[in-house]
Every structure is written in structure tokens, then in C-alpha cells.
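Undergrad: Coordinates in query.txt, compact mmCIF, C-alpha atoms, are listed below.
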```txt
# COMPACT_ATOMS: atom_id res chain seq x y z
CA MET A 950 72.12 -84.29 104.13
CA MET A 951 71.49 -82.52 100.83
CA ASP A 952 74.49 -81.63 98.67
CA LEU A 953 73.47 -78.45 96.85
CA GLN A 954 76.21 -78.88 94.28
CA ASP A 955 74.42 -81.97 92.95
CA ILE A 956 71.52 -79.81 91.74
CA PRO A 957 71.99 -78.48 88.17
CA PHE A 958 70.73 -74.93 88.74
CA ILE A 959 72.80 -74.56 91.93
CA LYS A 960 76.08 -75.72 90.39
CA ALA A 961 78.49 -73.38 88.57
CA ALA A 962 77.70 -70.27 90.62
CA SER A 963 80.06 -67.39 89.97
CA GLY A 964 79.62 -63.65 89.57
CA THR A 965 76.19 -62.04 89.82
CA LEU A 966 72.97 -63.88 88.99
CA VAL A 967 71.37 -61.75 86.25
CA VAL A 968 67.63 -62.23 85.72
CA GLN A 969 65.61 -60.96 82.76
CA LEU A 970 61.81 -61.06 82.56
CA ARG A 971 59.61 -60.83 79.46
CA GLU A 972 56.04 -61.64 78.49
CA VAL A 973 54.04 -62.83 75.48
CA ARG A 974 50.30 -62.10 75.32
CA SER A 975 47.43 -63.41 73.21
CA ASP A 976 43.66 -63.63 73.59
CA GLY A 977 42.93 -65.39 76.89
CA GLN A 978 46.59 -66.18 77.59
CA VAL A 979 49.66 -64.60 79.16
CA ARG A 980 53.10 -66.22 79.24
CA ARG A 981 55.95 -64.78 81.31
CA ILE A 982 59.53 -66.02 81.23
CA ALA A 983 62.33 -65.25 83.69
CA SER A 984 65.75 -66.13 82.23
CA PHE A 985 68.84 -66.69 84.40
CA GLY A 986 72.00 -68.01 82.76
CA ASP A 987 70.94 -70.85 80.48
CA GLN A 988 67.84 -71.60 82.59
CA GLN A 989 64.27 -70.30 82.41
CA VAL A 990 61.32 -70.17 84.77
CA TRP A 991 58.00 -69.70 83.01
CA TRP A 992 54.38 -69.09 83.96
CA GLU A 993 51.51 -69.75 81.54
CA LEU A 994 48.18 -68.15 82.51
CA ALA A 995 44.83 -68.86 80.83
CA GLY A 996 41.39 -67.42 81.52
CA GLN A 997 39.00 -64.61 80.70
CA ASN A 998 40.87 -61.52 79.52
CA GLU A 999 39.35 -59.36 82.26
CA SER A 1000 40.69 -61.75 84.91
CA LEU A 1001 44.22 -61.97 83.51
CA PRO A 1002 46.94 -59.57 84.72
CA ALA A 1003 47.52 -56.26 82.98
CA PRO A 1004 50.62 -55.91 80.75
CA LEU A 1005 53.91 -56.22 82.63
CA GLN A 1006 54.93 -53.01 84.39
CA VAL A 1007 57.47 -54.11 86.97
CA HIS A 1008 59.75 -57.12 87.36
CA ASP A 1009 59.19 -57.78 91.06
CA MET A 1010 58.07 -61.36 90.42
CA ALA A 1011 61.43 -62.18 88.82
CA ALA A 1012 63.13 -61.15 92.07
CA THR A 1013 60.87 -63.22 94.32
CA ALA A 1014 60.92 -66.25 92.01
CA LEU A 1015 64.71 -66.58 92.02
CA VAL A 1016 65.86 -65.11 95.33
CA PHE A 1017 66.11 -68.60 96.86
CA VAL A 1018 68.27 -69.83 93.98
CA ALA A 1019 70.61 -66.91 94.58
CA MET A 1020 70.66 -67.60 98.33
CA HIS A 1021 71.48 -71.27 97.71
CA ARG A 1022 74.37 -70.25 95.49
CA GLY A 1023 75.54 -67.45 97.75
CA GLN A 1024 75.34 -65.26 94.66
CA ASP A 1025 74.22 -61.61 94.44
CA MET A 1026 71.22 -61.09 92.15
CA TYR A 1027 70.57 -58.34 89.60
CA ILE A 1028 67.13 -57.87 88.01
CA ASP A 1029 67.52 -56.39 84.53
CA GLY A 1030 64.37 -54.30 84.76
CA PRO A 1031 62.31 -52.11 87.13
CA VAL A 1032 61.66 -53.35 90.68
CA THR A 1033 59.77 -51.48 93.42
CA PHE A 1034 61.82 -50.01 96.25
CA SER A 1035 59.60 -51.55 98.95
CA LEU A 1036 60.05 -55.08 97.59
CA LEU A 1037 63.84 -54.68 97.47
CA LYS A 1038 63.73 -53.38 101.03
CA ASN A 1039 61.56 -56.30 102.21
CA LEU A 1040 63.77 -58.84 100.43
CA GLU A 1041 66.67 -57.69 102.60
CA ASP A 1042 64.64 -58.86 105.62
CA LEU A 1043 63.67 -62.09 103.83
CA ILE A 1044 67.30 -62.96 103.07
CA ALA A 1045 68.46 -62.15 106.61
CA CYS A 1046 65.61 -64.25 108.04
CA TRP A 1047 66.22 -67.39 105.97
CA ALA A 1048 70.00 -67.16 106.36
CA ALA A 1049 69.42 -67.15 110.14
CA TRP A 1050 66.82 -69.91 110.12
CA ARG A 1051 68.55 -72.29 107.69
CA PRO A 1052 72.25 -71.40 107.26
CA ASP A 1053 72.76 -74.92 105.87
CA LEU A 1054 70.65 -73.94 102.84
CA TYR A 1055 70.79 -70.16 102.44
CA GLN A 1056 73.44 -67.43 102.47
CA GLN A 1057 73.36 -63.65 102.76
CA ILE A 1058 73.22 -61.98 99.33
CA HIS A 1059 72.50 -58.56 97.83
CA VAL A 1060 69.64 -57.91 95.38
CA SER A 1061 69.67 -54.94 92.98
CA ALA A 1062 67.78 -53.85 89.88
CA ALA A 1063 68.27 -51.78 86.72
CA ARG A 1064 65.68 -49.32 88.09
CA GLU A 1065 64.18 -48.89 91.55
CA LEU A 1066 60.61 -47.62 91.25
CA PRO A 1067 58.78 -45.63 93.91
CA ASP A 1068 55.65 -47.51 94.94
CA ASP A 1069 53.33 -44.74 93.77
CA ALA A 1070 54.53 -45.47 90.23
CA ILE A 1071 52.08 -48.41 90.17
CA ARG A 1072 48.49 -47.28 89.57
CA LEU A 1073 45.98 -49.50 91.34
CA PRO A 1074 42.23 -49.99 90.84
CA GLN A 1075 40.10 -48.00 93.28
CA THR A 1076 38.09 -51.03 94.44
CA PRO A 1077 40.16 -53.18 96.80
CA GLN A 1078 40.58 -56.46 94.95
CA ALA A 1079 42.76 -59.51 95.23
CA VAL A 1080 43.59 -62.79 93.58
CA ALA A 1081 43.47 -65.94 95.67
CA ALA A 1082 45.45 -69.15 95.32
CA PHE A 1083 42.69 -71.73 94.84
CA SER A 1084 43.57 -75.42 94.90
CA GLY A 1085 40.11 -76.50 96.03
CA GLY A 1086 41.61 -77.53 99.38
CA LEU A 1087 40.29 -76.67 102.81
CA ASP A 1088 42.47 -73.61 103.44
CA ALA A 1089 41.87 -72.20 99.94
CA SER A 1090 38.13 -72.89 100.06
CA PHE A 1091 37.81 -71.20 103.44
CA THR A 1092 39.66 -68.12 102.14
CA ALA A 1093 37.49 -67.81 99.00
CA TRP A 1094 34.25 -68.36 100.93
CA ARG A 1095 34.95 -65.86 103.70
CA HIS A 1096 35.97 -63.08 101.30
CA VAL A 1097 32.98 -63.58 98.99
CA THR A 1098 30.58 -63.62 101.95
CA GLY A 1099 32.28 -60.64 103.63
CA ARG A 1100 33.15 -62.69 106.70
CA ALA A 1101 36.69 -61.32 106.68
CA GLY A 1102 35.24 -57.98 107.82
CA ARG A 1103 37.35 -54.94 106.94
CA ARG A 1104 39.92 -57.32 105.47
CA SER A 1105 37.47 -58.60 102.82
CA TYR A 1106 38.54 -58.24 99.20
CA HIS A 1107 36.65 -58.48 95.95
CA LEU A 1108 38.16 -61.53 94.24
CA LEU A 1109 39.40 -60.79 90.73
CA ALA A 1110 40.23 -64.48 90.20
CA GLY A 1111 40.86 -67.81 91.86
CA VAL A 1112 44.23 -69.11 90.64
CA LEU A 1113 44.64 -72.87 90.14
CA ILE A 1114 48.31 -73.86 89.79
CA GLN A 1115 49.76 -76.84 87.91
CA GLY A 1116 53.38 -77.73 88.58
CA PHE A 1117 53.25 -77.83 92.39
CA ASP A 1118 51.19 -80.62 93.99
CA ILE A 1119 49.92 -81.63 90.52
CA ALA A 1120 52.89 -82.25 88.22
CA LEU A 1121 53.20 -80.61 84.82
CA ASN A 1122 52.89 -83.98 83.08
CA ALA A 1123 49.74 -84.98 85.02
CA ASP A 1124 47.31 -83.40 82.57
CA ALA A 1125 44.48 -85.89 83.18
CA ALA A 1126 44.58 -85.22 86.93
CA PHE A 1127 44.74 -81.47 86.34
CA ASP A 1128 41.69 -81.60 84.04
CA ILE A 1129 39.72 -83.28 86.84
CA THR A 1130 40.89 -80.60 89.27
CA VAL A 1131 40.01 -77.79 86.85
CA ALA A 1132 36.45 -79.09 86.52
CA SER A 1133 35.83 -79.29 90.29
CA ALA A 1134 37.56 -75.98 91.07
CA ALA A 1135 35.67 -74.19 88.29
CA ASP A 1136 32.37 -75.55 89.67
CA SER A 1137 33.18 -74.22 93.16
CA LEU A 1138 34.31 -70.81 91.95
CA HIS A 1139 31.36 -70.48 89.54
CA SER A 1140 28.98 -71.00 92.47
CA ILE A 1141 30.37 -67.85 94.13
CA ASN A 1142 30.81 -65.83 90.88
CA VAL A 1143 34.62 -65.81 90.99
CA PRO A 1144 36.43 -66.34 87.64
CA MET A 1145 39.11 -69.04 87.51
CA VAL A 1146 42.55 -68.62 85.96
CA THR A 1147 44.77 -71.65 85.43
CA LEU A 1148 48.50 -71.13 85.86
CA LYS A 1149 51.12 -73.64 84.75
CA THR A 1150 54.73 -73.18 85.84
CA ASN A 1151 58.02 -75.06 85.90
CA TRP A 1152 59.23 -73.09 88.96
CA ARG A 1153 59.33 -76.16 91.21
CA ASP A 1154 61.40 -78.10 88.66
CA VAL A 1155 64.05 -75.45 87.96
CA ALA A 1156 64.12 -73.03 90.90
CA CYS A 1157 63.19 -74.97 94.07
CA VAL A 1158 65.62 -76.99 96.18
CA ASN A 1159 63.70 -77.54 99.43
CA TRP A 1160 59.93 -77.64 98.87
CA GLU A 1161 58.98 -77.47 102.56
CA MET A 1162 60.94 -74.24 103.01
CA GLU A 1163 60.21 -72.65 99.61
CA PHE A 1164 56.67 -73.54 98.50
CA GLY A 1165 55.25 -70.29 99.91
CA ASN A 1166 57.68 -68.31 97.80
CA GLY A 1167 56.54 -70.26 94.72
CA VAL A 1168 52.87 -69.51 95.39
CA ALA A 1169 53.61 -65.84 96.16
CA SER A 1170 55.54 -65.45 92.90
CA CYS A 1171 52.61 -66.93 90.96
CA LEU A 1172 50.17 -64.47 92.55
CA ARG A 1173 52.56 -61.57 91.94
CA ASN A 1174 51.71 -61.88 88.24
CA TRP A 1175 48.73 -59.66 89.16
CA GLN A 1176 50.85 -56.81 90.53
CA GLY A 1177 49.33 -53.66 89.03
CA SER A 1178 45.91 -55.31 88.62
CA ALA A 1179 45.15 -56.16 92.26
CA GLN A 1180 46.28 -54.97 95.66
CA ALA A 1181 46.86 -58.39 97.20
CA GLY A 1182 47.47 -62.09 96.70
CA LEU A 1183 45.65 -64.27 99.24
CA VAL A 1184 47.21 -67.52 100.46
CA GLY A 1185 45.19 -69.68 102.85
CA SER A 1186 47.04 -70.03 106.15
CA ASP A 1187 48.71 -73.35 106.97
CA GLU A 1188 48.80 -73.23 110.77
CA ASP A 1189 46.83 -70.83 112.95
CA TYR A 1190 48.68 -68.17 114.91
CA THR A 1191 48.78 -70.22 118.12
CA ARG A 1192 50.38 -73.23 116.37
CA LEU A 1193 52.92 -71.71 113.98
CA VAL A 1194 55.75 -74.03 112.92
CA LEU A 1195 59.00 -72.26 112.05
CA PRO A 1196 60.91 -72.45 109.86
CA TRP A 1197 58.26 -73.38 107.31
CA GLY A 1198 57.63 -72.21 103.74
CA GLY A 1199 54.17 -70.79 104.38
CA ASN A 1200 54.15 -68.42 107.33
CA PRO A 1201 52.94 -64.86 108.05
CA ILE A 1202 56.45 -63.57 108.76
CA THR A 1203 58.09 -64.26 105.42
CA TYR A 1204 54.93 -63.72 103.34
CA ALA A 1205 55.06 -60.12 104.59
CA MET A 1206 58.69 -59.96 103.43
CA LEU A 1207 57.59 -61.10 99.95
CA SER A 1208 55.18 -58.15 99.78
CA SER A 1209 55.59 -54.68 98.36
CA ARG A 1210 53.62 -51.60 99.32
CA ASP A 1211 51.42 -51.91 96.24
CA PHE A 1212 50.96 -55.72 96.38
CA GLN A 1213 50.58 -57.57 99.66
CA ILE A 1214 50.99 -61.31 100.07
CA VAL A 1215 48.36 -62.09 102.70
CA TYR A 1216 48.53 -65.07 105.07
CA ASP A 1217 44.78 -65.39 105.20
CA GLY A 1218 42.77 -66.88 108.05
CA GLY A 1219 45.58 -67.33 110.55
CA GLU A 1220 43.21 -66.76 113.46
CA PHE A 1221 41.40 -70.02 112.66
CA ALA A 1222 42.56 -73.57 113.25
CA ARG A 1223 42.09 -75.95 110.32
CA THR A 1224 39.23 -77.71 112.12
CA GLU A 1225 37.50 -74.36 112.65
CA LYS A 1226 37.86 -73.66 108.93
CA ALA A 1227 36.08 -76.93 108.16
CA GLU A 1228 33.21 -75.86 110.38
CA ARG A 1229 32.97 -72.45 108.71
CA ILE A 1230 32.47 -73.78 105.19
CA LEU A 1231 29.68 -76.19 106.14
CA ASP A 1232 27.15 -73.80 104.55
CA TRP A 1233 28.96 -73.85 101.17
CA GLU A 1234 27.46 -76.97 99.63
CA VAL A 1235 29.27 -76.76 96.28
CA GLY A 1236 32.64 -76.05 97.89
CA LEU A 1237 32.24 -79.08 100.15
CA ARG A 1238 31.26 -81.30 97.23
CA ASN A 1239 34.41 -80.30 95.34
CA LEU A 1240 36.85 -80.22 98.25
CA ARG A 1241 40.26 -81.56 97.11
CA VAL A 1242 42.92 -82.08 99.73
CA CYS A 1243 44.83 -85.13 98.45
CA TRP A 1244 48.30 -84.86 96.93
CA GLU A 1245 49.58 -88.42 97.12
CA GLY A 1246 46.70 -90.53 95.84
CA PRO A 1247 46.93 -92.53 92.61
CA ILE A 1248 44.65 -90.02 90.83
CA THR A 1249 45.82 -86.66 92.09
CA GLY A 1250 42.77 -84.83 90.76
CA ARG A 1251 40.56 -86.58 93.34
CA ASN A 1252 40.87 -87.51 97.00
CA CYS A 1253 42.18 -91.03 97.61
CA GLY A 1254 40.50 -91.05 101.04
CA ARG A 1255 43.32 -93.04 102.64
CA CYS A 1256 46.45 -90.87 102.80
CA GLU A 1257 47.52 -88.83 105.84
CA LYS A 1258 45.98 -85.60 104.57
CA CYS A 1259 42.68 -87.17 103.48
CA LEU A 1260 42.29 -88.90 106.85
CA ARG A 1261 43.36 -85.80 108.75
CA THR A 1262 40.79 -83.66 106.91
CA LYS A 1263 38.05 -86.18 107.68
CA LEU A 1264 39.02 -85.86 111.35
CA ASN A 1265 38.74 -82.06 111.08
CA PHE A 1266 35.04 -82.46 110.28
CA MET A 1267 34.52 -85.21 112.84
CA ALA A 1268 36.06 -83.04 115.58
CA VAL A 1269 33.14 -80.58 115.29
CA GLY A 1270 30.52 -83.30 114.99
CA ALA A 1271 29.87 -82.63 111.29
CA GLU A 1272 28.93 -85.09 108.59
CA LEU A 1273 31.75 -85.89 106.19
CA PRO A 1274 31.41 -84.13 102.82
CA GLU A 1275 30.71 -86.17 99.70
CA SER A 1276 34.26 -85.49 98.51
CA LEU A 1277 35.67 -87.24 101.62
CA SER A 1278 33.09 -89.91 102.29
CA GLY A 1279 33.79 -92.93 104.48
CA ARG A 1280 34.63 -92.47 108.15
CA PRO A 1281 38.13 -93.73 109.01
CA SER A 1282 38.36 -96.78 111.20
CA ASP A 1283 40.24 -96.68 114.50
CA ALA A 1284 42.84 -98.97 112.90
CA GLN A 1285 43.38 -96.46 110.06
CA ILE A 1286 43.79 -93.65 112.57
CA ARG A 1287 46.28 -95.64 114.64
CA ALA A 1288 48.28 -96.36 111.46
CA LEU A 1289 48.53 -92.66 110.48
CA ARG A 1290 52.12 -91.55 109.83
CA ALA A 1291 52.92 -87.88 110.44
CA GLY A 1292 56.36 -87.42 108.93
CA ASN A 1293 57.07 -83.89 110.18
CA HIS A 1294 56.36 -81.59 113.08
CA ALA A 1295 53.84 -79.51 111.11
CA GLN A 1296 51.60 -82.55 110.56
CA LEU A 1297 51.84 -83.48 114.23
CA VAL A 1298 50.74 -79.99 115.23
CA LEU A 1299 47.70 -80.27 112.96
CA LEU A 1300 46.75 -83.66 114.43
CA ASP A 1301 47.13 -82.34 117.97
CA GLU A 1302 44.81 -79.43 117.10
CA ILE A 1303 42.07 -81.93 116.19
CA VAL A 1304 42.32 -83.60 119.60
CA GLN A 1305 42.19 -80.25 121.38
CA ILE A 1306 39.11 -79.02 119.51
CA ALA A 1307 37.33 -82.36 119.84
CA GLY A 1308 37.89 -82.07 123.59
CA LYS A 1309 36.40 -78.56 123.66
CA ARG A 1310 33.34 -79.86 121.75
CA ASN A 1311 33.00 -82.75 124.21
CA ILE A 1312 33.57 -85.34 121.46
CA LYS A 1313 34.39 -88.57 123.32
CA GLU A 1314 34.18 -91.18 120.58
CA PRO A 1315 36.79 -93.99 120.39
CA TRP A 1316 38.52 -92.37 117.41
CA VAL A 1317 39.77 -89.57 119.70
CA SER A 1318 41.66 -92.08 121.86
CA ALA A 1319 43.05 -93.71 118.72
CA LEU A 1320 44.30 -90.34 117.51
CA LYS A 1321 45.95 -89.56 120.85
CA LEU A 1322 47.82 -92.86 120.62
CA THR A 1323 48.87 -92.05 117.04
CA ILE A 1324 50.27 -88.67 118.07
CA ARG A 1325 52.36 -90.23 120.85
CA LYS A 1326 53.62 -92.94 118.50
CA ASN A 1327 54.60 -90.44 115.78
CA ARG A 1328 56.43 -88.19 118.23
CA LEU A 1329 58.54 -91.17 119.20
CA LEU A 1330 59.11 -92.27 115.59
CA ASN A 1331 60.10 -88.75 114.52
CA LYS A 1332 62.50 -88.48 117.44
CA PHE A 1333 64.30 -91.65 116.36
CA SER A 1334 64.22 -90.51 112.71
CA PHE A 1335 65.95 -87.28 113.75
CA ILE A 1336 68.62 -89.20 115.67
CA SER A 1337 69.14 -91.53 112.70
CA GLY A 1338 69.51 -88.51 110.43
CA ILE A 1339 72.23 -87.05 112.67
CA ARG A 1340 74.03 -90.40 112.72
CA ARG A 1341 73.92 -90.62 108.91
CA THR A 1342 75.31 -87.09 108.62
CA LEU A 1343 78.10 -87.75 111.12
CA GLY A 1344 78.96 -90.99 109.32
CA LYS A 1345 79.20 -89.15 106.01
CA ILE A 1346 81.54 -86.53 107.54
CA LYS A 1347 83.68 -89.28 109.10
CA ARG A 1348 84.00 -91.09 105.77
CA GLN A 1349 85.02 -87.87 104.04
CA LEU A 1350 87.69 -87.17 106.68
CA VAL A 1351 89.07 -90.71 106.50
CA SER A 1352 89.30 -90.56 102.70
CA ARG A 1353 91.48 -87.44 102.74
```
Just dump the structure as C-alpha cells.

TA:
Amino acid sequence: MMDLQDIPFIKAASGTLVVQLREVRSDGQVRRIASFGDQQVWWELAGQNESLPAPLQVHDMAATALVFVAMHRGQDMYIDGPVTFSLLKNLEDLIACWAAWRPDLYQQIHVSAARELPDDAIRLPQTPQAVAAFSGGLDASFTAWRHVTGRAGRRSYHLLAGVLIQGFDIALNADAAFDITVASAADSLHSINVPMVTLKTNWRDVACVNWEMEFGNGVASCLRNWQGSAQAGLVGSDEDYTRLVLPWGGNPITYAMLSSRDFQIVYDGGEFARTEKAERILDWEVGLRNLRVCWEGPITGRNCGRCEKCLRTKLNFMAVGAELPESLSGRPSDAQIRALRAGNHAQLVLLDEIVQIAGKRNIKEPWVSALKLTIRKNRLLNKFSFISGIRRTLGKIKRQLVSR
């Protein structure tokens, strides 16, 4: 069980958490810094000037970036700058939600600002446009492709930029891997005439305690850099609406609570299962060639082809009878499938989805039976892992009581 007091930016919490936001601009670059106590969160953006955010008008992103730190500390938060009324209102729901879902991690707090702005104070471009988080992964590629092709219908946005983030799945010190990722992502986005902006941030290092619960907030805060330049930030959905896993950092409920009236955080594509997304980008040749789903391979900028996510994504394509893309070549053996380890419930849900869709497509190859066996095995393993975790926690409490 995590001891929050062992984390440097959670320790020494007293009084109100005061956050100040500032920016530095130069040709092709924007740097924003949120200071809290003796700590700083920063975001460094680079790209074409017309794709970068307009000069800072409101400090909403400072509030979203550090609200989880304040909740961990049980400390009220004050933003020393203007924040929109609708964001402050939505954050009240966000705080209540996470305090209910994970009271072991988060506490009820109050958020205030030096100035509360009415939402009509932010002037927006007339053409509906958005920025999209673009990792080159399946969810992100599906989102970019469906908006550029107009397949999102009335929900389609003109994409001002695809935003590639360093500091999340690719670490800040992994520059070689990030350069590889930049090249492949730029190739994909260029093929659909969407500019790319790279964004480097230390948010995960200095403001995130539980990645699985907080990663969505980190992505949303990155996209909120474009508040005042775009109407929305698009985040490719994790699970589809019929298979939502809660609590989880990326979900349509709390993304809405990270929105303001002038800038929506959109959980995009939630009506589609991950396997269905794979099928719907089969006509984007460049996107398939550059697909990057791996986060645990030895060279993070490319797919290792062997980890849980690489194998699972291969199965997404196989479940609709499609050829594997060049970026994920090499069909997995039945032995590899049987050895798959799904360490959490979210991964199990995604594996189960593959079996269900393969069944609907009348796919009866041996790998389907191997995957069914893997799912049963992992459910059992995770059950025993949960019991072991409870036993470890109870043992720790017992030791503490005995030592008093």
C-alpha cells in the first residue's frame, strides 16, 4: 500500500497550495511553467507558429495540472491568476468523484482563483477546431483519421495540430527513442495535412502519484495549452462505452469534469471497441505503417512485437481477419498468446473484447482458443494477486500496531 508521505511533492502539506503560471515565447516555441511551493511543472511546445497556442489568457491548465496534488495532500488550492467559472464549477464535481472513488488517495478540497472569468471572456475561432493527442497508437490514429475524413459526422473537428508528448510513456531522458517516434508520427500526420507539435513536460515526475488514475488528467492538461486557440482537445478513448473500467484515469465521466465551456476535453471514439478501430484505419496506409503501440520494449520509439500491448494489438487485427500492418509484423504463436500476462482488469477487458468480436466474425482459428485460456488464467492470477495484496496490507497494519 502506497504511503503518500514518502513522495517529496506530497510531504509537508500545510495551508493553501498556491499555484502561479507564466509563459515564455520565442519563434516556434512556447514554454509554460506552473510554480507551487518550491516545485515547478513545465511544458515545452515546439512547432509551426500557426499551430502553437495563442498567448496565455487564462490559467485553467494550472488548476487541472495540480488538482490531484492538492487532493493527495488534502490541501485547498488557489490559482494566482484568472480561471474560468465553468472549469472551477466542473472541478468541484471532479474532486467529489475521485474522493468517492479512491478515498485512499484523494480528499475533498476547495479550489479558488484570483479572478473568475465568465466563459464568454474567451474569444474562439469561428471554425470548429481541435487539437488531438497523437502518440501514433491505435486509439490516437483512429481519432485523427476519422476527424480528417469527416467520419465523426457532426462531431468532426478541423485539426489544428497533433500533439506528441514526451515525459509520459516516453521518458524525458529517452531522446533517441523520442526522435524515432517524432519521425514516424510526423510522417503519419503529414499524410493527412495535420501539423505536428511536440510537447515535453515533467508533469509525470513532479505532479503524478498514481499513473493509472491520473494519466488522463496529465494528457488533458497538456491539451489545455490550446485554450483560446481551439474549442476542444481530443483524447482517443481507452475502452468503448460497453466496457468501461472505473475508476480509471481515462474515462468519459472525468474528462467532462476537466472541461470548461470554451474548451472541451473529448473522450473520442467511445462507441467503437479497440478491434473495431483497427478495422476502421485499414484504408490509412501511412498510419498503419507508422503505428506505435509499444511502451515497454527496449527501444520505446518502435514496437518490440512481444509485449502484452504489441501482442494484443496484433490480435485486434487478426480478430477482423486483417493482415498485420508492417509496424506489427509477425503473427503471434499460440504459445505466446497463452503466456500473455494481463496485470489489471482493464487489460483483461480488452482481451475479452477480441474474443467476442472474433466470434461475431466467425474467426475459429486455434489462436482464439489460446486467448480464451489466457483470459481464464489471468483472471485467476489477478484474483490471487488481489488476495496477496490484502494480506500484505493487513500484515503491515499488524506490525504497526504491535510496534506501538

Undergrad: Scan for residues within 10 Å of the point (41.7, -66.9, 88.1) in the coordinates of the file, using only C-alpha atoms, and reply as a list of chain:residue names.

TA: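 These residues have at least one counted atom within 10 Å: A:Leu994, A:Ala995, A:Gly996, A:Gln997, A:Glu999, A:Ser1000, A:Leu1001, A:Pro1002, A:Val1080, A:Ala1081, A:Ala1082, A:Phe1083, A:Leu1108, A:Leu1109, A:Ala1110, A:Gly1111, A:Val1112, A:Leu1113, A:Ile1114, A:Ala1135, A:Leu1138, A:Val1143, A:Pro1144, A:Met1145, A:Val1146, A:Thr1147, A:Leu1148, A:Leu1172.
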
Undergrad: By how many Å are CA of Phe1127 in chain A and CA of Arg1255 in chain A apart?

TA: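 Atom-to-atom, CA of Phe1127 in chain A to CA of Arg1255 in chain A, that is 20.0 Å.
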
Undergrad: At what distance in Å, to one decimal, does CA of Leu1260 in chain A lie from CA of Ala1307 in chain A?

TA: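 Taking CA of Ala1307 in chain A as the start and CA of Leu1260 in chain A as the end point, the length is 15.4 Å.
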
Undergrad: Can you pull out every residue within 7 Å of range 982-992 of chain A, counting all atoms listed in the file, but drop anything in the same chain fewer than 6 positions away, and send it as a PyMOL selection string?

TA: chain A and resi 966-972+1011+1148-1152+1155

Undergrad: Kindly give the distance, in Å, that separates CA of Met1020 in chain A and CA of Arg1173 in chain A, rounded to a single decimal.

TA: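 Taking CA of Met1020 in chain A and CA of Arg1173 in chain A, their separation equals 20.1 Å.
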
Undergrad: Could the centre and edge lengths of an axis-aligned box, enclosing all atoms of range 1164-1178 of chain A in the file with 8 Å extra on each side, be given in Å to one decimal as AutoDock Vina command-line options?

TA:
```
--center_x 51.8 --center_y -63.6 --center_z 94.1 --size_x 27.8 --size_y 35.9 --size_z 27.7
```

Undergrad: Which of these residues is nearest to Leu1240 in chain A, using only C-alpha atoms: A:Thr1323, A:Ser1209, A:Ser1137, A:Thr1224?

TA: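 Of all the options, A:Ser1137 lies closest to Leu1240 in chain A.
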
Undergrad: Might you pull out every residue within 9 Å of Gly1167 in chain A, with only C-alpha atoms counted and same-chain residues fewer than 5 positions away left off, and present them as an NGL selection string?

TA: :A and (1013-1014 or 1117 or 1152-1153 or 1156-1157 or 1172)

Undergrad: My list of candidates is A:Ala1169, A:Leu1073, A:Ile1119, A:Val1018. Which is closest to Trp1244 in chain A when distances are computed with only C-alpha atoms?

TA: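 Smallest separation from Trp1244 in chain A among the options: A:Ile1119.
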
Undergrad: Counting only C-alpha atoms, what is within 12 Å of Gly1250 in chain A, bar same-chain residues fewer than 5 positions away, as an MDAnalysis selection string?

TA: chainID A and resid 1084:1086 1115 1118:1120 1123:1134 1239:1245 1276

Undergrad: Compile the contact shell of Lys1309 in chain A as a ChimeraX atom specification: residues with an atom at most 10 Å away, counting all atoms listed in the file, same-chain residues fewer than 5 positions apart removed.

TA: /A:1268-1269,1303-1304

Undergrad: Given the selection you just returned, output its residues as a file containing C-alpha atoms, formatted as an mmCIF file, in the frame of the given file.

TA:
```
data_model
loop_
_atom_site.group_PDB
_atom_site.id
_atom_site.type_symbol
_atom_site.label_atom_id
_atom_site.label_comp_id
_atom_site.auth_asym_id
_atom_site.auth_seq_id
_atom_site.Cartn_x
_atom_site.Cartn_y
_atom_site.Cartn_z
ATOM 1 C CA ALA A 1268 36.060 -83.040 115.580
ATOM 2 C CA VAL A 1269 33.140 -80.580 115.290
ATOM 3 C CA ILE A 1303 42.070 -81.930 116.190
ATOM 4 C CA VAL A 1304 42.320 -83.600 119.600
#
```

Undergrad: List as a list in words: which residues have an atom within 12 Å of (79.8, -61.8, 103.8), counting only C-alpha atoms?

TA: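 Within the cut-off we find Gly1023, Gln1024, Asp1025, Ala1045, Ala1048, Gln1056, Gln1057, Ile1058 and His1059 of chain A.
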
Undergrad: Which residue, A:Trp1197, A:Tyr1204, A:Phe1091, A:Tyr1027, has the smallest gap to Met1162 in chain A when you use only C-alpha atoms?

TA: A:Trp1197

Undergrad: Give me the residues within 8 Å of Gly1219 in chain A as a count of residues only, counting only C-alpha atoms and dropping any in the same chain fewer than 5 places off.

TA: 5

Undergrad: Could you give me range 1121-1134 of chain A completed to N, CA and C atoms, formatted as a short mmCIF file (atom, residue, chain, number, x, y, z; two decimals), in the coordinates of the input?

TA:
```cif
data_model
loop_
_atom_site.label_atom_id
_atom_site.label_comp_id
_atom_site.auth_asym_id
_atom_site.auth_seq_id
_atom_site.Cartn_x
_atom_site.Cartn_y
_atom_site.Cartn_z
N LEU A 1121 53.46 -81.15 86.15
CA LEU A 1121 53.20 -80.61 84.82
C LEU A 1121 52.78 -81.68 83.82
N ASN A 1122 53.23 -82.91 84.03
CA ASN A 1122 52.89 -83.98 83.08
C ASN A 1122 51.62 -84.74 83.47
N ALA A 1123 50.96 -84.30 84.56
CA ALA A 1123 49.74 -84.98 85.02
C ALA A 1123 48.51 -84.24 84.50
N ASP A 1124 48.38 -84.18 83.18
CA ASP A 1124 47.31 -83.40 82.57
C ASP A 1124 45.93 -83.97 82.87
N ALA A 1125 45.79 -85.28 82.90
CA ALA A 1125 44.48 -85.89 83.18
C ALA A 1125 44.01 -85.52 84.58
N ALA A 1126 44.92 -85.59 85.56
CA ALA A 1126 44.58 -85.22 86.93
C ALA A 1126 44.24 -83.74 87.03
N PHE A 1127 44.99 -82.91 86.29
CA PHE A 1127 44.74 -81.47 86.34
C PHE A 1127 43.38 -81.14 85.72
N ASP A 1128 43.01 -81.84 84.66
CA ASP A 1128 41.69 -81.60 84.04
C ASP A 1128 40.56 -81.90 85.02
N ILE A 1129 40.72 -82.95 85.81
CA ILE A 1129 39.72 -83.28 86.84
C ILE A 1129 39.65 -82.15 87.86
N THR A 1130 40.82 -81.67 88.28
CA THR A 1130 40.89 -80.60 89.27
C THR A 1130 40.29 -79.31 88.74
N VAL A 1131 40.56 -79.00 87.48
CA VAL A 1131 40.01 -77.79 86.85
C VAL A 1131 38.48 -77.83 86.89
N ALA A 1132 37.91 -78.97 86.56
CA ALA A 1132 36.45 -79.09 86.52
C ALA A 1132 35.83 -78.84 87.90
N SER A 1133 36.41 -79.45 88.95
CA SER A 1133 35.83 -79.29 90.29
C SER A 1133 36.08 -77.88 90.83
N ALA A 1134 37.27 -77.33 90.59
CA ALA A 1134 37.56 -75.98 91.07
C ALA A 1134 36.69 -74.95 90.36
#
```
